[in-house]
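Q: Hey, dropping entry.csv in here, CSV, C-alpha atoms:
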chain,number,residue,atom,x,y,z
Q,61,MET,CA,60.4,-67.9,-98.4
Q,62,HIS,CA,56.9,-69.1,-99.2
Q,63,GLU,CA,55.3,-65.9,-98.0
Q,64,TYR,CA,55.5,-64.5,-101.6
Q,65,SER,CA,53.3,-67.3,-102.9
Q,66,ILE,CA,50.8,-66.7,-100.0
Q,67,ALA,CA,50.7,-63.0,-100.8
Q,68,SER,CA,50.0,-63.9,-104.4
Q,69,SER,CA,47.1,-66.2,-103.4
Q,70,LEU,CA,45.8,-63.4,-101.2
Q,71,LEU,CA,45.9,-60.9,-104.1
Q,72,ARG,CA,44.0,-63.4,-106.3
Q,73,MET,CA,41.3,-63.7,-103.6
Q,74,ALA,CA,41.0,-59.9,-103.4
Q,75,GLU,CA,40.8,-59.5,-107.2
Q,76,GLU,CA,38.0,-62.1,-107.3
Q,77,GLN,CA,36.0,-60.2,-104.7
Q,78,ALA,CA,36.7,-56.9,-106.4
Q,79,ALA,CA,35.5,-58.3,-109.7
Q,80,LYS,CA,32.4,-59.9,-108.1
Q,81,HIS,CA,31.3,-56.6,-106.6
Q,82,ALA,CA,32.5,-54.5,-109.6
Q,83,ALA,CA,34.6,-52.6,-107.0
Q,84,ALA,CA,36.9,-49.7,-108.1
Q,85,ARG,CA,39.5,-50.6,-105.4
Q,86,VAL,CA,40.1,-52.5,-102.2
Q,87,LEU,CA,40.2,-50.4,-99.0
Q,88,GLY,CA,41.1,-53.0,-96.4
Q,89,LEU,CA,41.9,-56.7,-95.8
Q,90,GLN,CA,41.6,-58.3,-92.4
Q,91,LEU,CA,43.6,-61.5,-91.9
Q,92,ARG,CA,43.9,-64.0,-89.0
Q,93,ILE,CA,47.3,-65.8,-88.8
Q,94,GLY,CA,48.1,-68.4,-86.1
Q,95,GLU,CA,51.3,-69.0,-84.3
Q,96,LEU,CA,51.5,-72.4,-86.0
Q,97,ALA,CA,50.3,-71.4,-89.4
Q,98,GLY,CA,53.9,-71.5,-90.7
Q,99,VAL,CA,53.8,-67.9,-91.9
Q,100,GLU,CA,56.1,-65.2,-90.8
Q,101,VAL,CA,54.0,-62.0,-90.5
Q,102,GLY,CA,56.9,-59.6,-91.2
Q,103,LEU,CA,57.9,-61.5,-94.4
Q,104,LEU,CA,54.3,-61.7,-95.5
Q,105,GLU,CA,54.0,-57.9,-95.2
Q,106,THR,CA,57.2,-57.4,-97.2
Q,107,ALA,CA,55.9,-59.8,-99.9
Q,108,TRP,CA,52.5,-58.1,-99.9
Q,109,SER,CA,54.1,-54.7,-100.4
Q,110,LEU,CA,55.5,-56.1,-103.6
Q,111,VAL,CA,52.6,-58.0,-105.1
Q,112,ARG,CA,50.0,-55.3,-104.3
Q,113,GLU,CA,51.7,-52.7,-106.6
Q,114,ARG,CA,49.5,-51.6,-109.6
Q,115,SER,CA,46.7,-53.9,-108.5
Q,116,CYS,CA,43.3,-53.2,-107.0
Q,117,CYS,CA,45.0,-53.4,-103.6
Q,118,ASP,CA,47.7,-50.8,-104.3
Q,119,GLY,CA,48.6,-49.1,-101.1
Q,120,VAL,CA,46.4,-51.4,-98.9
Q,121,ASP,CA,48.1,-52.6,-95.8
Q,122,LEU,CA,47.1,-55.9,-94.2
Q,123,ALA,CA,45.3,-55.8,-90.8
Q,124,ILE,CA,46.6,-58.9,-89.2
Q,125,THR,CA,45.2,-60.6,-86.0
Q,126,PHE,CA,47.8,-63.0,-84.6
Q,127,THR,CA,46.4,-66.0,-82.7
Q,128,PRO,CA,48.6,-67.9,-80.3
Q,129,ALA,CA,48.6,-71.7,-80.3
Q,130,ARG,CA,46.1,-73.1,-77.8
Q,131,TRP,CA,46.1,-76.8,-77.0
Q,132,GLU,CA,43.3,-78.7,-75.2
Q,133,CYS,CA,42.8,-82.3,-74.1
Q,134,SER,CA,40.4,-84.0,-76.5
Q,135,GLY,CA,39.0,-86.0,-73.6
Q,136,CYS,CA,38.4,-83.6,-70.7
Q,137,GLY,CA,39.1,-80.2,-72.3
Q,138,ALA,CA,41.8,-79.3,-69.9
Q,139,SER,CA,44.2,-76.7,-71.2
Q,140,ILE,CA,47.7,-77.9,-72.3
Q,141,ALA,CA,50.5,-75.3,-72.4
Q,142,GLN,CA,52.3,-74.8,-75.7
Q,143,GLY,CA,55.8,-76.4,-75.3
Q,144,SER,CA,54.8,-78.9,-72.7
Q,145,LEU,CA,54.2,-82.6,-73.5
Q,146,LEU,CA,51.1,-82.9,-75.6
Q,147,ALA,CA,49.2,-85.3,-73.4
Q,148,CYS,CA,46.7,-84.5,-70.7
Q,149,VAL,CA,48.2,-84.9,-67.2
Q,150,THR,CA,44.7,-85.3,-65.7
Q,151,CYS,CA,43.1,-87.9,-67.9
Q,152,GLY,CA,45.8,-89.0,-70.3
Q,153,GLY,CA,43.8,-87.8,-73.4
Q,154,LYS,CA,45.4,-86.6,-76.6
Q,155,ALA,CA,46.0,-82.9,-77.2
Q,156,GLN,CA,44.2,-81.1,-80.0
Q,157,LEU,CA,45.0,-77.7,-81.3
Q,158,VAL,CA,42.0,-75.5,-80.8
Q,159,SER,CA,43.4,-72.4,-82.4
Q,160,GLY,CA,46.7,-71.2,-83.7
Q,161,ASP,CA,47.0,-72.7,-87.2
Q,162,GLU,CA,44.7,-70.2,-89.0
Q,163,LEU,CA,45.7,-68.6,-92.3
Q,164,VAL,CA,42.5,-66.9,-93.1
Q,165,LEU,CA,41.2,-63.8,-95.0
Q,166,ASP,CA,38.4,-62.8,-92.6
Q,167,ARG,CA,37.1,-59.6,-94.3
Q,168,ILE,CA,37.5,-57.4,-97.3
Q,169,GLU,CA,36.4,-53.8,-97.7
Q,170,MET,CA,35.9,-52.4,-101.1
Q,171,GLU,CA,34.9,-49.1,-102.7
Q,172,VAL,CA,32.1,-49.4,-105.3
Q,173,VAL,CA,31.6,-46.4,-107.6
T,222,MET,CA,27.3,-45.9,-106.6
T,223,CYS,CA,25.8,-44.9,-103.3
T,224,ASP,CA,22.6,-47.0,-103.0
T,225,VAL,CA,21.1,-44.9,-100.3
T,226,CYS,CA,20.2,-41.9,-102.4
T,227,GLY,CA,21.9,-42.7,-105.8
T,228,CYS,CA,24.1,-39.6,-105.5
T,229,GLY,CA,27.0,-41.1,-107.4
T,230,ASP,CA,29.4,-41.0,-104.4
T,231,PRO,CA,31.4,-44.2,-104.0
T,232,ALA,CA,29.8,-46.8,-101.6
T,233,ILE,CA,31.8,-49.0,-99.3
T,234,VAL,CA,31.1,-52.7,-99.4
T,235,SER,CA,32.4,-55.2,-96.9
T,236,GLU,CA,32.4,-58.9,-97.3
T,237,ASP,CA,32.9,-61.4,-94.4
T,238,LEU,CA,34.8,-64.3,-96.1
T,239,HIS,CA,36.6,-66.3,-93.4
T,240,ALA,CA,38.3,-68.0,-96.3
T,241,LYS,CA,41.5,-70.0,-96.1
T,242,ILE,CA,44.2,-68.3,-98.0
T,243,LEU,CA,45.5,-71.6,-99.3
T,244,SER,CA,42.1,-72.8,-100.4
T,245,ASP,CA,43.2,-72.8,-104.1
T,246,ASN,CA,46.1,-75.1,-103.2
T,247,ASP,CA,43.8,-77.3,-101.1
T,248,ARG,CA,41.3,-77.7,-104.0
T,249,VAL,CA,44.1,-78.9,-106.3
T,250,ALA,CA,45.4,-81.2,-103.6
T,251,ASP,CA,42.0,-82.8,-103.2
T,252,HIS,CA,42.0,-83.3,-107.0
T,253,ASN,CA,45.4,-85.0,-106.8
T,254,ARG,CA,44.2,-87.2,-103.9
T,255,ASP,CA,41.3,-88.4,-106.0
T,256,HIS,CA,43.8,-89.2,-108.8
T,257,PHE,CA,46.0,-91.2,-106.4
T,258,ARG,CA,43.0,-93.1,-105.0
T,259,SER,CA,41.5,-93.9,-108.3
T,260,HIS,CA,44.8,-95.3,-109.5
T,261,GLY,CA,45.4,-97.3,-106.4
T,262,MET,CA,48.5,-95.3,-105.5
T,263,LEU,CA,49.6,-94.8,-101.8
T,264,THR,CA,51.3,-91.4,-101.9
T,265,ILE,CA,53.8,-90.2,-99.4
T,266,ASN,CA,54.9,-86.6,-99.1
T,267,LEU,CA,58.5,-87.0,-97.9
T,268,MET,CA,59.9,-83.9,-96.4
T,269,GLY,CA,63.1,-83.0,-94.5
T,270,SER,CA,66.2,-80.8,-94.5
T,271,PRO,CA,68.6,-80.8,-97.4
T,272,GLY,CA,70.8,-83.9,-96.8
T,273,ALA,CA,68.4,-85.6,-94.3
T,274,GLY,CA,68.5,-88.8,-96.3
T,275,LYS,CA,65.2,-88.5,-98.2
T,276,THR,CA,66.5,-90.0,-101.5
T,277,ALA,CA,68.4,-92.7,-99.6
T,278,LEU,CA,65.2,-93.6,-97.7
T,279,ILE,CA,63.4,-94.1,-101.0
T,280,GLU,CA,66.3,-96.2,-102.4
T,281,ALA,CA,66.2,-98.4,-99.3
T,282,THR,CA,62.4,-98.7,-99.6
T,283,LYS,CA,62.9,-100.2,-103.0
T,284,ARG,CA,65.1,-102.8,-101.5
T,285,MET,CA,62.6,-103.5,-98.7
T,286,LEU,CA,59.5,-103.8,-100.8
T,287,PRO,CA,60.5,-105.6,-104.0
T,288,ASP,CA,57.0,-106.7,-104.6
T,289,LEU,CA,55.6,-103.2,-104.8
T,290,ARG,CA,55.9,-100.9,-107.8
T,291,LEU,CA,57.5,-97.7,-106.6
T,292,ALA,CA,57.7,-94.4,-108.4
T,293,ALA,CA,58.7,-90.9,-107.4
T,294,VAL,CA,58.8,-87.2,-108.3
T,295,SER,CA,61.6,-85.2,-106.7
T,296,GLY,CA,61.4,-81.5,-106.1
T,297,ASP,CA,64.7,-79.9,-106.9
T,298,LEU,CA,65.7,-76.3,-107.3
T,299,ALA,CA,68.4,-76.8,-110.0
T,300,THR,CA,69.4,-80.4,-110.7
T,301,ASP,CA,67.9,-83.8,-111.5
T,302,HIS,CA,70.4,-85.7,-109.3
T,303,ASP,CA,67.8,-87.2,-107.0
T,304,SER,CA,65.6,-88.6,-109.7
T,305,ALA,CA,68.7,-89.9,-111.5
T,306,ARG,CA,69.8,-91.7,-108.3
T,307,LEU,CA,66.3,-93.1,-107.9
T,308,GLU,CA,66.2,-94.3,-111.5
T,309,ALA,CA,69.6,-96.0,-110.9
T,310,ALA,CA,68.0,-97.8,-107.9
T,311,GLY,CA,65.2,-99.0,-110.0
T,312,VAL,CA,62.6,-96.4,-109.0
T,313,PRO,CA,61.0,-94.6,-112.0
T,314,ALA,CA,61.4,-91.0,-111.1
T,315,ARG,CA,60.9,-87.5,-112.6
T,316,THR,CA,62.1,-84.1,-111.4
T,317,ILE,CA,59.9,-81.2,-110.6
T,318,THR,CA,62.3,-78.3,-111.1
T,319,THR,CA,61.2,-75.5,-108.8
T,320,GLY,CA,63.7,-72.9,-109.7
T,321,THR,CA,63.8,-70.5,-106.7
T,322,ALA,CA,60.7,-72.0,-105.1
T,323,CYS,CA,61.4,-73.5,-101.7
T,324,HIS,CA,58.6,-76.0,-101.6
T,325,LEU,CA,56.3,-78.0,-103.8
T,326,ASP,CA,52.6,-77.0,-104.0
T,327,ALA,CA,49.6,-79.0,-105.2
T,328,SER,CA,49.7,-77.4,-108.7
T,329,MET,CA,53.3,-78.5,-109.3
T,330,VAL,CA,52.4,-82.1,-108.4
T,331,HIS,CA,49.3,-81.9,-110.5
T,332,HIS,CA,51.4,-80.7,-113.5
T,333,ALA,CA,53.9,-83.5,-112.9
T,334,LEU,CA,51.1,-86.1,-112.8
T,335,HIS,CA,49.7,-84.8,-116.1
T,336,HIS,CA,53.1,-85.2,-117.7
T,337,TRP,CA,54.0,-88.5,-116.1
T,338,ASP,CA,55.4,-90.8,-118.7
T,339,GLY,CA,56.7,-93.5,-116.4
T,340,PRO,CA,55.0,-96.8,-115.5
T,341,ALA,CA,52.1,-97.2,-113.0
T,342,SER,CA,52.9,-97.5,-109.3
T,343,ASP,CA,51.5,-98.8,-106.0
T,344,LEU,CA,53.7,-96.6,-103.8
T,345,PHE,CA,54.4,-93.1,-105.0
T,346,PHE,CA,56.8,-90.8,-103.2
T,347,ILE,CA,56.7,-87.0,-103.6
T,348,GLU,CA,60.2,-86.1,-102.5
T,349,ASN,CA,59.8,-82.5,-101.4
T,350,VAL,CA,62.4,-79.7,-101.7
T,351,GLY,CA,64.9,-80.0,-98.8
T,352,ASN,CA,63.5,-77.5,-96.3
T,353,LEU,CA,62.0,-77.8,-92.8
T,354,VAL,CA,59.9,-74.6,-93.1
T,355,CYS,CA,58.0,-73.9,-96.3
T,356,PRO,CA,56.7,-77.4,-97.5
T,357,ALA,CA,54.9,-78.0,-94.2
T,358,ILE,CA,51.7,-76.0,-95.0
T,359,TYR,CA,51.1,-77.2,-98.6
T,360,ASP,CA,48.8,-80.2,-98.9
T,361,LEU,CA,49.8,-82.1,-102.1
T,362,GLY,CA,47.1,-84.7,-102.0
T,363,GLN,CA,49.3,-87.3,-100.1
T,364,ALA,CA,47.9,-90.0,-97.9
T,365,ALA,CA,50.6,-89.3,-95.3
T,366,ASN,CA,53.4,-86.8,-94.5
T,367,VAL,CA,56.7,-88.4,-93.5
T,368,VAL,CA,59.5,-86.2,-92.2
T,369,ALA,CA,63.1,-87.5,-92.5
T,370,LEU,CA,65.3,-86.1,-89.7
T,371,SER,CA,68.9,-87.2,-89.6
T,372,VAL,CA,70.7,-87.7,-86.3
T,373,THR,CA,73.4,-85.1,-87.3
T,374,GLU,CA,70.8,-82.3,-87.3
T,375,GLY,CA,70.7,-82.4,-83.5
T,376,PRO,CA,67.9,-83.2,-81.0
T,377,ASP,CA,66.1,-79.8,-80.9
T,378,LYS,CA,64.9,-79.6,-84.5
T,379,PRO,CA,61.3,-80.6,-83.6
T,380,LEU,CA,61.1,-77.7,-81.2
T,381,LYS,CA,62.7,-75.3,-83.7
T,382,TYR,CA,60.3,-76.3,-86.5
T,383,PRO,CA,57.1,-77.1,-84.8
T,384,VAL,CA,54.9,-76.5,-87.9
T,385,MET,CA,56.7,-79.1,-89.9
T,386,PHE,CA,56.7,-81.8,-87.2
T,387,ARG,CA,53.1,-81.1,-86.2
T,388,ALA,CA,52.2,-81.9,-89.9
T,389,ALA,CA,54.1,-85.2,-89.8
T,390,ASP,CA,52.3,-88.5,-89.6
T,391,LEU,CA,55.6,-90.2,-89.0
T,392,VAL,CA,59.2,-89.0,-88.4
T,393,VAL,CA,62.0,-91.2,-89.6
T,394,LEU,CA,65.2,-90.6,-87.7
T,395,THR,CA,67.8,-91.4,-90.4
T,396,LYS,CA,71.5,-92.2,-90.4
T,397,SER,CA,71.3,-94.1,-87.0
T,398,ASP,CA,74.7,-95.7,-87.9
T,399,LEU,CA,76.3,-92.3,-87.0
T,400,LEU,CA,74.9,-92.2,-83.5
T,401,PRO,CA,78.0,-93.8,-81.9
T,402,HIS,CA,80.0,-90.7,-83.2
T,403,LEU,CA,77.5,-88.1,-81.8
T,404,GLN,CA,78.0,-87.8,-78.0
T,405,ASP,CA,75.3,-85.1,-77.7
T,406,VAL,CA,72.5,-86.8,-79.7
T,407,ASP,CA,70.2,-89.2,-77.9
T,408,PRO,CA,67.1,-90.4,-79.7
T,409,ALA,CA,65.2,-90.2,-76.3
T,410,GLN,CA,65.7,-86.4,-76.4
T,411,ILE,CA,64.3,-86.3,-79.9
T,412,ARG,CA,61.3,-88.3,-78.8
T,413,ASP,CA,60.7,-85.9,-76.0
T,414,ALA,CA,60.9,-82.9,-78.3
T,415,LEU,CA,58.5,-84.6,-80.7
T,416,ALA,CA,56.0,-85.3,-78.0
T,417,ARG,CA,55.8,-81.5,-77.4
T,418,VAL,CA,54.9,-80.7,-81.0
T,419,MET,CA,53.2,-83.8,-82.4
T,420,PRO,CA,49.9,-84.8,-80.7
T,421,GLU,CA,50.4,-88.4,-81.8
T,422,PRO,CA,54.2,-88.7,-82.0
T,423,ARG,CA,55.6,-91.6,-84.1
T,424,MET,CA,59.3,-92.0,-84.8
T,425,LEU,CA,61.2,-94.8,-86.4
T,426,VAL,CA,65.0,-95.0,-86.0
T,427,VAL,CA,66.6,-96.2,-89.3
T,428,SER,CA,69.8,-96.5,-91.2
T,429,ALA,CA,69.8,-96.9,-94.9
T,430,THR,CA,73.5,-98.1,-94.6
T,431,THR,CA,73.2,-100.8,-92.0
T,432,GLY,CA,69.5,-101.6,-92.6
T,433,GLU,CA,68.5,-100.9,-88.9
T,434,GLY,CA,64.8,-100.1,-88.5
T,435,LEU,CA,64.0,-100.5,-92.2
T,436,ALA,CA,61.8,-103.5,-91.6
T,437,GLY,CA,59.6,-101.3,-89.3
T,438,TRP,CA,59.4,-98.7,-92.0
T,439,ALA,CA,58.4,-101.2,-94.6
T,440,ASP,CA,55.7,-102.5,-92.1
T,441,TRP,CA,54.4,-99.0,-91.5
T,442,LEU,CA,54.0,-98.5,-95.3
T,443,ARG,CA,52.3,-101.9,-95.8
T,444,ALA,CA,49.9,-101.1,-93.0
T,445,LEU,CA,49.1,-97.7,-94.4
T,446,ARG,CA,48.6,-99.3,-97.8
T,447,ALA,CA,46.3,-102.0,-96.4
T,448,ASN,CA,44.2,-99.4,-94.6
T,449,ALA,CA,44.1,-97.2,-97.7
T,450,LYS,CA,42.6,-99.9,-100.0
T,451,PRO,CA,39.0,-99.1,-100.9
T,452,ALA,CA,36.6,-101.5,-99.2
T,453,ALA,CA,34.8,-102.6,-102.4
T,454,PRO,CA,37.1,-104.1,-105.1
T,455,THR,CA,35.3,-102.2,-107.8
T,456,GLY,CA,35.4,-98.9,-105.9
T,457,SER,CA,38.0,-96.5,-106.9
T,458,VAL,CA,37.4,-93.9,-104.2
T,459,GLY,CA,37.3,-94.9,-100.6
T,460,SER,CA,36.7,-92.4,-97.8
T,461,GLU,CA,38.9,-94.6,-95.6
T,462,HIS,CA,41.9,-93.7,-97.8
T,463,GLU,CA,42.8,-90.6,-96.0
T,464,HIS,CA,45.1,-90.1,-93.0
T,465,HIS,CA,45.1,-93.1,-90.7
T,466,HIS,CA,46.0,-93.2,-87.1
T,467,ASP,CA,44.8,-96.6,-86.2
T,468,HIS,CA,48.1,-98.4,-86.7
T,469,ASP,CA,50.0,-97.8,-83.4
T,470,HIS,CA,52.7,-100.4,-83.9
T,471,ALA,CA,55.1,-97.8,-85.2
T,472,THR,CA,55.0,-95.5,-82.2
T,473,PHE,CA,58.5,-94.9,-80.9
T,474,ASP,CA,59.9,-98.2,-82.1
If you convert what's in this file into structure tokens, what do you get?

A:
Amino acid sequence: MHEYSIASSLLRMAEEQAAKHAAARVLGLQLRIGELAGVEVGLLETAWSLVRERSCCDGVDLAITFTPARWECSGCGASIAQGSLLACVTCGGKAQLVSGDELVLDRIEMEVV
Amino acid sequence: MCDVCGCGDPAIVSEDLHAKILSDNDRVADHNRDHFRSHGMLTINLMGSPGAGKTALIEATKRMLPDLRLAAVSGDLATDHDSARLEAAGVPARTITTGTACHLDASMVHHALHHWDGPASDLFFIENVGNLVCPAIYDLGQAANVVALSVTEGPDKPLKYPVMFRAADLVVLTKSDLLPHLQDVDPAQIRDALARVMPEPRMLVVSATTGEGLAGWADWLRALRANAKPAAPTGSVGSEHEHHHDHDHATFD
């Protein structure tokens, strides 16, 4: 389960931001996780509930936006359905993933006293 | 403090970051990549299930490329069996003991490079921890990701582990000598599954036992190495060193 190491990386990022802004505590974290990011959201939440204890993020739940995998033809831009052959039936172009592999901290909210 | 009236109430500050959560790992991976480039090492991140034949593939590579200096680090939870096997096969190898960790990350590889006491190499394998899930998302600084998939794992693995196979530059279907015993496994099915998860699917069918397909594997490595060489003989860092997709001879051979 690599979600624990991802939760630890996330905590380091939050701690850096909190220190930078001299924040007393973190109030919220907004994440974007893609279908093909290789991260199980439930496992990440479990791991997060462990690493956040007694940190600046104690008690903070993750607000996670899940993005489905979207493939497009790199030639003509036609949409290619996830699970189908990754080549364009119209022009034969190669498929490219336009979204769905994100593992991103979008926004952090902190309380500054 | 509240910066509207200075009343002493806490203020809420928001920061839009849009930052990759694995950016720390990616920074160390770039550092590793610079190290490999400057030392003229072609580095392969070899991934696959436990028992897929990763160590056997490196052993076979040693036999196929006697003119190249090979070396390896093997990620292992608890033993040094793989690196001992590689050493016995003439490949200088060290173990990265991961304990309970299910994957290698760039820092572990960086640490191993700092403590490397073996000889210099032209072709360096990072044999990842046997696992089709966790290693996929960690850049180690490699020039290419290779996934070993054994015929006994069944034809649907690319569909079950799309993140791993999407990350692969090449899939090596191992243990092809066992195919006659497996009524339900057809390499064509595996190719079809790969074409649904890999935008540029490449698969080689090999057997470390009979030698089938190993010449194609050696050719693929040589081509990658030729493309990875810096343009100027004195240059240690070449931007052309990174992932190459201009060698199409290996596609579905």

Q: Tell me which protein, DNA and RNA residues are within 8 Å of stretch 121-127 of chain Q, counting all atoms listed in the file, leaving out same-chain ones fewer than 5 positions away, and put them as a list in words.

A: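 My list of contacting residues is Gly88, Leu89, Gln90, Leu91, Arg92, Ile93, Gly94, Glu95, Glu105, Ser109, Ser159, Gly160 and Glu162 of chain Q.
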
Q: Which of these, T:Glu280, T:Asp390, T:Asp301, T:Asp251, has the shortest distance to T:Leu445 once you count all atoms listed in the file?

A: T:Asp390

Q: Can you list every residue of chain T that has an atom at most 8 Å from chain Q, with its nearest atom pair and the distance in Å to one decimal, using all atoms listed in the file, ordered by chain then number, as JSON lines?

A:
{"residue": "T:Met222", "atom": "CA", "partner": "Q:Val173", "partner_atom": "CA", "distance": 4.4}
{"residue": "T:Cys223", "atom": "CA", "partner": "Q:Val173", "partner_atom": "CA", "distance": 7.4}
{"residue": "T:Gly229", "atom": "CA", "partner": "Q:Val173", "partner_atom": "CA", "distance": 7.0}
{"residue": "T:Asp230", "atom": "CA", "partner": "Q:Val173", "partner_atom": "CA", "distance": 6.7}
{"residue": "T:Pro231", "atom": "CA", "partner": "Q:Val173", "partner_atom": "CA", "distance": 4.2}
{"residue": "T:Ala232", "atom": "CA", "partner": "Q:Val172", "partner_atom": "CA", "distance": 5.1}
{"residue": "T:Ile233", "atom": "CA", "partner": "Q:Glu171", "partner_atom": "CA", "distance": 4.6}
{"residue": "T:Val234", "atom": "CA", "partner": "Q:Met170", "partner_atom": "CA", "distance": 5.1}
{"residue": "T:Ser235", "atom": "CA", "partner": "Q:Glu169", "partner_atom": "CA", "distance": 4.3}
{"residue": "T:Glu236", "atom": "CA", "partner": "Q:Ile168", "partner_atom": "CA", "distance": 5.3}
{"residue": "T:Asp237", "atom": "CA", "partner": "Q:Arg167", "partner_atom": "CA", "distance": 4.6}
{"residue": "T:Leu238", "atom": "CA", "partner": "Q:Asp166", "partner_atom": "CA", "distance": 5.2}
{"residue": "T:His239", "atom": "CA", "partner": "Q:Asp166", "partner_atom": "CA", "distance": 4.0}
{"residue": "T:Ala240", "atom": "CA", "partner": "Q:Leu165", "partner_atom": "CA", "distance": 5.3}
{"residue": "T:Lys241", "atom": "CA", "partner": "Q:Val164", "partner_atom": "CA", "distance": 4.4}
{"residue": "T:Ile242", "atom": "CA", "partner": "Q:Val164", "partner_atom": "CA", "distance": 5.4}
{"residue": "T:Leu243", "atom": "CA", "partner": "Q:Ser69", "partner_atom": "CA", "distance": 7.0}
{"residue": "T:Asp245", "atom": "CA", "partner": "Q:Ser69", "partner_atom": "CA", "distance": 7.7}
{"residue": "T:Ala322", "atom": "CA", "partner": "Q:His62", "partner_atom": "CA", "distance": 7.6}
{"residue": "T:Cys323", "atom": "CA", "partner": "Q:Met61", "partner_atom": "CA", "distance": 6.6}
{"residue": "T:His324", "atom": "CA", "partner": "Q:His62", "partner_atom": "CA", "distance": 7.5}
{"residue": "T:Val354", "atom": "CA", "partner": "Q:Gly98", "partner_atom": "CA", "distance": 7.2}
{"residue": "T:Cys355", "atom": "CA", "partner": "Q:His62", "partner_atom": "CA", "distance": 5.7}
{"residue": "T:Ala357", "atom": "CA", "partner": "Q:Gly98", "partner_atom": "CA", "distance": 7.4}
{"residue": "T:Ile358", "atom": "CA", "partner": "Q:Gly98", "partner_atom": "CA", "distance": 6.6}
{"residue": "T:Pro383", "atom": "CA", "partner": "Q:Leu96", "partner_atom": "CA", "distance": 7.4}
{"residue": "T:Val384", "atom": "CA", "partner": "Q:Leu96", "partner_atom": "CA", "distance": 5.7}
{"residue": "T:Asp413", "atom": "CA", "partner": "Q:Leu145", "partner_atom": "CA", "distance": 7.7}
{"residue": "T:Ala416", "atom": "CA", "partner": "Q:Leu145", "partner_atom": "CA", "distance": 5.5}
{"residue": "T:Arg417", "atom": "CA", "partner": "Q:Leu145", "partner_atom": "CA", "distance": 4.4}
{"residue": "T:Val418", "atom": "CA", "partner": "Q:Leu146", "partner_atom": "CA", "distance": 7.0}
{"residue": "T:Met419", "atom": "CA", "partner": "Q:Leu146", "partner_atom": "CA", "distance": 7.2}
{"residue": "T:Pro420", "atom": "CA", "partner": "Q:Leu146", "partner_atom": "CA", "distance": 5.6}
{"residue": "T:Glu421", "atom": "CA", "partner": "Q:Lys154", "partner_atom": "CA", "distance": 7.4}

Q: Which residue is closest to T:Asn448? Choose from T:Leu361, T:Leu263, T:Val406, T:Ala388 and count only C-alpha atoms.

A: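 Of T:Leu361, T:Leu263, T:Val406, T:Ala388, the one nearest T:Asn448, counting only C-alpha atoms, is T:Leu263.
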